[in-house]
2 protein chains.
Amino acid sequence: MSKNKHIYIYSPSSAVRDKAAFKRGVARLKALGHEVEIDEAALKSHQRFAGDDATRLAAIGRAAASRADVALISRGGYGLTRILDALPYKAIAKAVERGTEFVGLSDYTALQCAALVKTGTVTWSGPALGEDFGAEGGADDIMEACFDDLLHGQGEGTGWRLPARDAEVGEKLRSIHGATLWGGNLCVLTALLGTPYFPQVDKGMLFLEDVNEHPYRVERMLDQLRHAGVLARQKAIVLGQFTGQKKVPHDRGFGMHAVVDRLRTLLKVPVLTGLPFGHVPTKVLLPVGAKVELAASGRDVFMVWGHRHAHEGDHGHHH
Amino acid sequence: MSKNKHIYIYSPSSAVRDKAAFKRGVARLKALGHEVEIDEAALKSHQRFAGDDATRLAAIGRAAASRADVALISRGGYGLTRILDALPYKAIAKAVERGTEFVGLSDYTALQCAALVKTGTVTWSGPALGEDFGAEGGADDIMEACFDDLLHGQGEGTGWRLPARDAEVGEKLRSIHGATLWGGNLCVLTALLGTPYFPQVDKGMLFLEDVNEHPYRVERMLDQLRHAGVLARQKAIVLGQFTGQKKVPHDRGFGMHAVVDRLRTLLKVPVLTGLPFGHVPTKVLLPVGAKVELAASGRDVFMVWGHRHAHEGDHGHHH
């Protein structure tokens with residue numbers, strides 16, 4: 001069960017339009033026993049953004065200075081790629097060293113990748129306040145259990161079941177050791193390729209998800225990573241949830257299965273699917289930049305990142 | 001007026017679904033007095049594609065071997081980024097040396113950029129058969145005049161009028177000399193960033209257009225080019241037509257004007273707009289990879305590429 005933790009809510013990307021979801025999210029975190037601190041600019045609005053660039057940069061700075069247990073984004077959307085050259089990377093790194101975990105997804109992938117490049121800082125791909133904790137039908141149990149694990153330093157990994165059509169991949173896989181986990185939203189990640197903010201991870205484990213991107217666009221992005229040599233350098237590619245795809249008559253059988261099947265013919269690296277992460281309610285939390293192990297037993301896959309702060313002893317800074 | 005020329009029609013990207021537009025396009029080229037040769041796979045269909053990858057690669061090879069005056073794509077869509085590592089670059093380069101001009105747009109940007117990287121070959125951003133020559137209301141006069149100029153080696157440049165809000169940019173600009181013209185579809189171009197198929201053009205003139213991309217996505221792509229250092233290395237950025245953008249209430253004033261205005265505050269390089277090129281009927285033809293000059297007089301801009309084949313004397317290979 002959750003003990004009282006300090007959670008800092010801020011808005012680094014798009015403006016919060018769904019105030020009801022925001023309020024539900026705050027109420028849910030409070031109901032779980034947490035102290036919720038809301039950044040002064042969390043509900044600001046400028047064009048599409050949660051305040052202009054300076055406002056959002058200041059908000060990220062306050063989140064880093066908050067000494068909260070978790071700095072949680074209100075929502076994703078768009079805004080972080082604009083300000084990558086001005087993010088307070090050192091302050092974020094110091095905050096993480098002090099014990100603040102940074103959690104978010106989608107547009108947040110840009111901050112996570114850039115922080116990994118600049119300071120090697122580990123951040124978490126996970127929920128956002130509004131869409132996840134403030135979900136209309138209530139927050140997802142598995143997401144909340146994973147979040148609770150993070151808060152109490154007890155989460156040491158995650159597991160999922162491969163889709164039936166991937167059974168053979170699981171059987172061949174056995175295990176992978178000491179791979180750096182990284183990735184996030186495919187669209188945002190590829191929007192960093194060729195820039196100084198794209199992580200140069202060799203022998204890593206790259207996880208990817210996306211929403212509202214047609215399979216041909218997903219394939220084009222995967223091909224960009226492939227042509228750039230990024231995919232072949234990894235120990236595994238792990239595909240999460242690709243949702244909101246609208247098929248059209250022109251597709252004639254071209255869909256995500258075709259994309260994945262072709263990718264597997266072009267890569268020696270194993271391509272796993274079914275990771276419970278993406279723009280879906282049931283999402284696990286994933287430490288971007290941490291070393292992970294992966295093991296498969298039939299269709300069951302386990303990803304383990306062990307005691308992240310074991311070297312600090314007893315997860316001291318979590319308490 | 002047009003004299004009889006040999007035009008080769010092939011399909012390197014998406015399957016042709018609008019057969020009526022295809023037929024109208026062929027009829028229009030014939031009515032202009034041209035001999036039209038249709039590739040045997042031009043109307044093939046596999047999933048979304050005009051035949052599988054091997055089929056389309058063979059079609060591109062036949063276009064290069066055709067000894068036609070122009071190799072013209074039937075349509076754009078999607079398909080070339082999949083096969084960049086297998087394109088017949090040398091055959092294309094030899095065909096261009098022999099006098100075949102390669103013309104297309106949209107997905108075709110991938111072939112144009114990759115050909116520029118691999119062999120320095122100049123190709124033309126311009127019309128496609130179906131959407132342009134086969135347009136339901138008839139082909140656009142300006143597009144046809146530019147195409148005719150290309151066929152007869154008489155086109156040495158193009159001009160357009162800057163939008164009123166850009167008058168100041170035109171006044172400051174004066175002239176630019178000896179810049180390599182390159183670019184095309186923004187989405188396809190950025191899908192090459194970080195790969196071996198992205199042209200490393202310094203002091204160039206980069207032109208960009210796109211269709212059905214929200215301004216925030218256009219901005220994210222421009223920022224990718226900016227963060228990669230590509231924009232600052234150019235002598236000018238020339239924006240063509242950005243069409244099919246759907247505004248949403250969430251934008252609150254964020255649109256292409258905001259994107260362009262911000263870009264200008266971030267770059268010393270001049271950013272021109274209004275180039276008549278993109279997914280619009282009235283489009284000029286632009287030589288990707290050629291040296292161009294640019295001059296502005298008030299709001300009137302002239303782009304000149306001179307006698308492309310002057311060193312070969314009298315455009316000899318055109319006859």
# chains A, B, ... in the order shown; residues from 1 in each chain; ligands from 1
>>> interface_residues(of="chain A", to="chain B", cutoff="7 Å", atoms="only C-alpha atoms", output="number ranges by chain")
A: 47-48, 81-82, 191-196, 220-221, 223-224, 227-228, 250-254
>>> write_last_selection(atoms="N, CA and C atoms", output="tab-separated table (two decimals), in the first residue's frame")
chain	number	residue	atom	x	y	z
A	47	GLN	N	-1.26	29.93	-26.80
A	47	GLN	CA	-1.47	29.15	-28.03
A	47	GLN	C	-1.82	27.71	-27.64
A	48	ARG	N	-1.08	26.73	-28.18
A	48	ARG	CA	-1.35	25.33	-27.81
A	48	ARG	C	-0.69	24.94	-26.50
A	81	THR	N	10.09	19.70	-27.74
A	81	THR	CA	11.13	19.76	-28.79
A	81	THR	C	11.52	21.20	-29.10
A	82	ARG	N	10.61	22.14	-28.84
A	82	ARG	CA	10.92	23.56	-29.07
A	82	ARG	C	12.04	24.08	-28.18
A	191	ALA	N	11.94	12.40	-34.20
A	191	ALA	CA	12.08	13.86	-34.39
A	191	ALA	C	13.38	14.38	-33.77
A	192	LEU	N	14.11	13.50	-33.06
A	192	LEU	CA	15.41	13.88	-32.49
A	192	LEU	C	16.58	13.36	-33.31
A	193	LEU	N	16.31	12.46	-34.24
A	193	LEU	CA	17.39	11.86	-35.05
A	193	LEU	C	18.14	12.95	-35.81
A	194	GLY	N	19.46	12.83	-35.80
A	194	GLY	CA	20.28	13.80	-36.50
A	194	GLY	C	20.58	15.03	-35.67
A	195	THR	N	19.96	15.13	-34.48
A	195	THR	CA	20.20	16.27	-33.59
A	195	THR	C	21.07	15.83	-32.41
A	196	PRO	N	21.61	16.79	-31.66
A	196	PRO	CA	22.45	16.43	-30.50
A	196	PRO	C	21.64	15.82	-29.35
A	220	ARG	N	7.73	4.11	-41.86
A	220	ARG	CA	8.70	5.11	-42.34
A	220	ARG	C	9.63	5.55	-41.21
A	221	MET	N	9.06	5.69	-40.01
A	221	MET	CA	9.89	6.08	-38.86
A	221	MET	C	10.84	4.95	-38.46
A	223	ASP	N	11.98	2.73	-40.44
A	223	ASP	CA	12.99	2.67	-41.49
A	223	ASP	C	14.04	3.77	-41.32
A	224	GLN	N	13.59	4.93	-40.82
A	224	GLN	CA	14.56	5.99	-40.56
A	224	GLN	C	15.57	5.53	-39.50
A	227	HIS	N	17.75	2.85	-41.26
A	227	HIS	CA	18.74	3.43	-42.18
A	227	HIS	C	19.85	4.17	-41.40
A	228	ALA	N	19.48	4.71	-40.25
A	228	ALA	CA	20.46	5.43	-39.42
A	228	ALA	C	21.37	4.46	-38.67
A	250	HIS	N	-7.21	1.86	-49.24
A	250	HIS	CA	-5.95	1.86	-49.99
A	250	HIS	C	-4.91	0.90	-49.38
A	251	ASP	N	-5.07	0.56	-48.10
A	251	ASP	CA	-4.07	-0.28	-47.41
A	251	ASP	C	-3.95	-1.67	-48.03
A	252	ARG	N	-5.07	-2.27	-48.41
A	252	ARG	CA	-5.09	-3.61	-49.01
A	252	ARG	C	-4.21	-4.60	-48.24
A	253	GLY	N	-4.41	-4.67	-46.94
A	253	GLY	CA	-3.68	-5.66	-46.15
A	253	GLY	C	-2.39	-5.14	-45.53
A	254	PHE	N	-2.04	-3.89	-45.82
A	254	PHE	CA	-0.85	-3.31	-45.20
A	254	PHE	C	-1.25	-2.75	-43.85
>>> select_by_dssp(residues="segment 96-305 of chain A", states="alpha helix (DSSP H)", output="mmCIF file with C-alpha atoms, in the first residue's frame")
data_model
loop_
_atom_site.group_PDB
_atom_site.id
_atom_site.type_symbol
_atom_site.label_atom_id
_atom_site.label_comp_id
_atom_site.auth_asym_id
_atom_site.auth_seq_id
_atom_site.Cartn_x
_atom_site.Cartn_y
_atom_site.Cartn_z
ATOM 1 C CA VAL A 96 17.156 12.758 -9.617
ATOM 2 C CA GLU A 97 20.308 12.262 -7.518
ATOM 3 C CA ARG A 98 18.412 13.707 -4.546
ATOM 4 C CA THR A 109 10.135 11.446 -24.619
ATOM 5 C CA ALA A 110 12.056 14.475 -25.913
ATOM 6 C CA LEU A 111 13.075 15.563 -22.393
ATOM 7 C CA GLN A 112 13.890 11.988 -21.411
ATOM 8 C CA CYS A 113 16.155 11.382 -24.403
ATOM 9 C CA ALA A 114 17.862 14.754 -24.105
ATOM 10 C CA ALA A 115 18.452 14.270 -20.360
ATOM 11 C CA LEU A 116 19.954 10.859 -21.052
ATOM 12 C CA VAL A 117 22.305 12.400 -23.627
ATOM 13 C CA LYS A 118 23.293 15.406 -21.540
ATOM 14 C CA THR A 119 23.720 13.902 -18.074
ATOM 15 C CA ASP A 141 -5.008 -0.858 -11.425
ATOM 16 C CA ILE A 142 -1.803 -2.087 -13.030
ATOM 17 C CA MET A 143 -0.591 1.437 -13.778
ATOM 18 C CA GLU A 144 -1.260 2.428 -10.161
ATOM 19 C CA ALA A 145 0.493 -0.670 -8.805
ATOM 20 C CA CYS A 146 3.567 0.112 -10.952
ATOM 21 C CA PHE A 147 3.483 3.749 -9.825
ATOM 22 C CA ASP A 148 3.264 2.598 -6.210
ATOM 23 C CA ASP A 149 6.237 0.296 -6.775
ATOM 24 C CA LEU A 150 8.250 3.255 -8.042
ATOM 25 C CA LEU A 151 7.265 5.388 -5.049
ATOM 26 C CA ALA A 167 5.423 -17.278 -29.763
ATOM 27 C CA GLU A 168 8.374 -18.288 -31.938
ATOM 28 C CA VAL A 169 10.212 -15.051 -31.163
ATOM 29 C CA GLY A 170 9.855 -15.733 -27.436
ATOM 30 C CA GLU A 171 11.133 -19.286 -27.782
ATOM 31 C CA LYS A 172 14.222 -18.151 -29.683
ATOM 32 C CA LEU A 173 14.955 -15.267 -27.361
ATOM 33 C CA LEU A 186 8.315 6.769 -31.866
ATOM 34 C CA CYS A 187 7.301 10.052 -33.472
ATOM 35 C CA VAL A 188 9.064 12.180 -30.852
ATOM 36 C CA LEU A 189 12.117 9.920 -30.792
ATOM 37 C CA THR A 190 12.604 10.071 -34.562
ATOM 38 C CA PRO A 215 1.143 1.959 -40.088
ATOM 39 C CA TYR A 216 2.877 3.440 -43.158
ATOM 40 C CA ARG A 217 4.103 6.328 -41.041
ATOM 41 C CA VAL A 218 5.191 3.933 -38.298
ATOM 42 C CA GLU A 219 7.115 1.973 -40.918
ATOM 43 C CA ARG A 220 8.699 5.111 -42.341
ATOM 44 C CA MET A 221 9.895 6.081 -38.864
ATOM 45 C CA LEU A 222 11.197 2.586 -38.139
ATOM 46 C CA ASP A 223 12.994 2.669 -41.490
ATOM 47 C CA GLN A 224 14.565 5.994 -40.558
ATOM 48 C CA LEU A 225 15.957 4.395 -37.389
ATOM 49 C CA ARG A 226 17.015 1.388 -39.462
ATOM 50 C CA HIS A 227 18.745 3.431 -42.178
ATOM 51 C CA MET A 256 1.034 -3.257 -38.274
ATOM 52 C CA HIS A 257 1.461 -7.007 -38.787
ATOM 53 C CA ALA A 258 2.949 -6.360 -42.222
ATOM 54 C CA VAL A 259 5.204 -3.665 -40.744
ATOM 55 C CA VAL A 260 6.486 -5.949 -37.964
ATOM 56 C CA ASP A 261 6.895 -8.991 -40.222
ATOM 57 C CA ARG A 262 8.948 -7.013 -42.753
ATOM 58 C CA LEU A 263 11.067 -5.461 -39.997
ATOM 59 C CA ARG A 264 11.921 -8.935 -38.731
ATOM 60 C CA THR A 265 13.113 -9.994 -42.194
ATOM 61 C CA LEU A 266 15.405 -6.944 -42.307
#
>>> residues_around(residues="segment 123-133 of chain B", least_positions_apart="3", cutoff="6 Å", atoms="only C-alpha atoms", output="list of chain:residue names")
B:Ala21, B:Phe22, B:Gly25, B:Ile73, B:Ser74, B:Arg75, B:Phe102, B:Val103, B:Gly104, B:Leu105, B:Ala139, B:Leu285, B:Leu286, B:Pro287, B:Val288
>>> write_last_selection(atoms="N, CA and C atoms", output="mmCIF file, in the first residue's frame")
data_model
loop_
_atom_site.group_PDB
_atom_site.id
_atom_site.type_symbol
_atom_site.label_atom_id
_atom_site.label_comp_id
_atom_site.auth_asym_id
_atom_site.auth_seq_id
_atom_site.Cartn_x
_atom_site.Cartn_y
_atom_site.Cartn_z
ATOM 1 N N ALA B 21 -7.822 9.504 -63.471
ATOM 2 C CA ALA B 21 -6.843 10.601 -63.486
ATOM 3 C C ALA B 21 -5.596 10.181 -64.261
ATOM 4 N N PHE B 22 -5.196 8.927 -64.089
ATOM 5 C CA PHE B 22 -4.043 8.395 -64.826
ATOM 6 C C PHE B 22 -4.289 8.512 -66.332
ATOM 7 N N GLY B 25 -4.271 12.034 -67.548
ATOM 8 C CA GLY B 25 -2.902 12.540 -67.614
ATOM 9 C C GLY B 25 -2.191 12.099 -68.881
ATOM 10 N N ILE B 73 6.808 10.414 -62.639
ATOM 11 C CA ILE B 73 6.073 9.500 -61.751
ATOM 12 C C ILE B 73 4.573 9.603 -61.999
ATOM 13 N N SER B 74 3.891 8.471 -61.817
ATOM 14 C CA SER B 74 2.427 8.481 -61.932
ATOM 15 C C SER B 74 1.807 9.207 -60.753
ATOM 16 N N ARG B 75 2.395 8.982 -59.559
ATOM 17 C CA ARG B 75 1.921 9.620 -58.345
ATOM 18 C C ARG B 75 2.958 9.452 -57.241
ATOM 19 N N PHE B 102 14.470 13.484 -64.580
ATOM 20 C CA PHE B 102 13.594 12.782 -63.634
ATOM 21 C C PHE B 102 12.739 13.801 -62.895
ATOM 22 N N VAL B 103 11.419 13.617 -62.975
ATOM 23 C CA VAL B 103 10.488 14.604 -62.426
ATOM 24 C C VAL B 103 9.498 13.927 -61.484
ATOM 25 N N GLY B 104 9.244 14.571 -60.331
ATOM 26 C CA GLY B 104 8.253 14.067 -59.389
ATOM 27 C C GLY B 104 8.228 14.903 -58.125
ATOM 28 N N LEU B 105 7.463 14.449 -57.133
ATOM 29 C CA LEU B 105 7.371 15.200 -55.873
ATOM 30 C C LEU B 105 6.852 14.300 -54.764
ATOM 31 N N ALA B 139 -5.176 20.413 -66.630
ATOM 32 C CA ALA B 139 -3.855 20.699 -66.071
ATOM 33 C C ALA B 139 -3.653 22.201 -65.923
ATOM 34 N N LEU B 285 8.665 23.969 -61.673
ATOM 35 C CA LEU B 285 9.625 22.865 -61.617
ATOM 36 C C LEU B 285 10.931 23.391 -61.048
ATOM 37 N N LEU B 286 11.550 22.632 -60.178
ATOM 38 C CA LEU B 286 12.742 23.087 -59.465
ATOM 39 C C LEU B 286 13.840 22.036 -59.550
ATOM 40 N N PRO B 287 15.055 22.442 -59.979
ATOM 41 C CA PRO B 287 16.144 21.478 -60.143
ATOM 42 C C PRO B 287 16.861 21.205 -58.815
ATOM 43 N N VAL B 288 16.595 20.062 -58.220
ATOM 44 C CA VAL B 288 17.216 19.688 -56.948
ATOM 45 C C VAL B 288 18.669 19.293 -57.201
#
>>> select_by_dssp(residues="segment 237-275 of chain A", states="strand (DSSP E or B)", output="list in words")
Ile237, Val238, Leu239, Gly240, Gln241, Phe242, Thr243, Val271 and Leu272 of chain A
>>> write_last_selection(atoms="N, CA and C atoms", output="PDB file, in the first residue's frame")
ATOM      1  N   ILE A 237      14.470  -4.871 -29.901  1.00  0.00           N
ATOM      2  CA  ILE A 237      13.474  -3.824 -30.144  1.00  0.00           C
ATOM      3  C   ILE A 237      12.185  -4.319 -29.501  1.00  0.00           C
ATOM      4  N   VAL A 238      11.596  -3.495 -28.653  1.00  0.00           N
ATOM      5  CA  VAL A 238      10.381  -3.895 -27.942  1.00  0.00           C
ATOM      6  C   VAL A 238       9.262  -2.927 -28.305  1.00  0.00           C
ATOM      7  N   LEU A 239       8.262  -3.447 -29.016  1.00  0.00           N
ATOM      8  CA  LEU A 239       7.170  -2.580 -29.455  1.00  0.00           C
ATOM      9  C   LEU A 239       6.036  -2.610 -28.444  1.00  0.00           C
ATOM     10  N   GLY A 240       5.628  -1.422 -28.027  1.00  0.00           N
ATOM     11  CA  GLY A 240       4.486  -1.287 -27.135  1.00  0.00           C
ATOM     12  C   GLY A 240       3.204  -1.193 -27.940  1.00  0.00           C
ATOM     13  N   GLN A 241       2.295  -0.357 -27.477  1.00  0.00           N
ATOM     14  CA  GLN A 241       0.976  -0.267 -28.089  1.00  0.00           C
ATOM     15  C   GLN A 241       0.947   0.822 -29.163  1.00  0.00           C
ATOM     16  N   PHE A 242       0.473   0.446 -30.330  1.00  0.00           N
ATOM     17  CA  PHE A 242       0.271   1.406 -31.420  1.00  0.00           C
ATOM     18  C   PHE A 242      -1.236   1.530 -31.620  1.00  0.00           C
ATOM     19  N   THR A 243      -1.789   2.606 -31.104  1.00  0.00           N
ATOM     20  CA  THR A 243      -3.243   2.747 -31.033  1.00  0.00           C
ATOM     21  C   THR A 243      -3.728   3.894 -31.917  1.00  0.00           C
ATOM     22  N   VAL A 271      12.665  -8.635 -32.433  1.00  0.00           N
ATOM     23  CA  VAL A 271      11.624  -7.613 -32.325  1.00  0.00           C
ATOM     24  C   VAL A 271      10.467  -8.218 -31.533  1.00  0.00           C
ATOM     25  N   LEU A 272      10.281  -7.732 -30.303  1.00  0.00           N
ATOM     26  CA  LEU A 272       9.191  -8.210 -29.454  1.00  0.00           C
ATOM     27  C   LEU A 272       8.017  -7.245 -29.550  1.00  0.00           C
TER      28      LEU A 272
END
>>> atom_distance(atom1="atom CA of Lys44 of chain B", atom2="atom CA of Arg62 of chain B")
14.8 Å
>>> atom_distance(atom1="atom CA of Ala63 of chain A", atom2="atom CA of Met303 of chain A")
29.1 Å
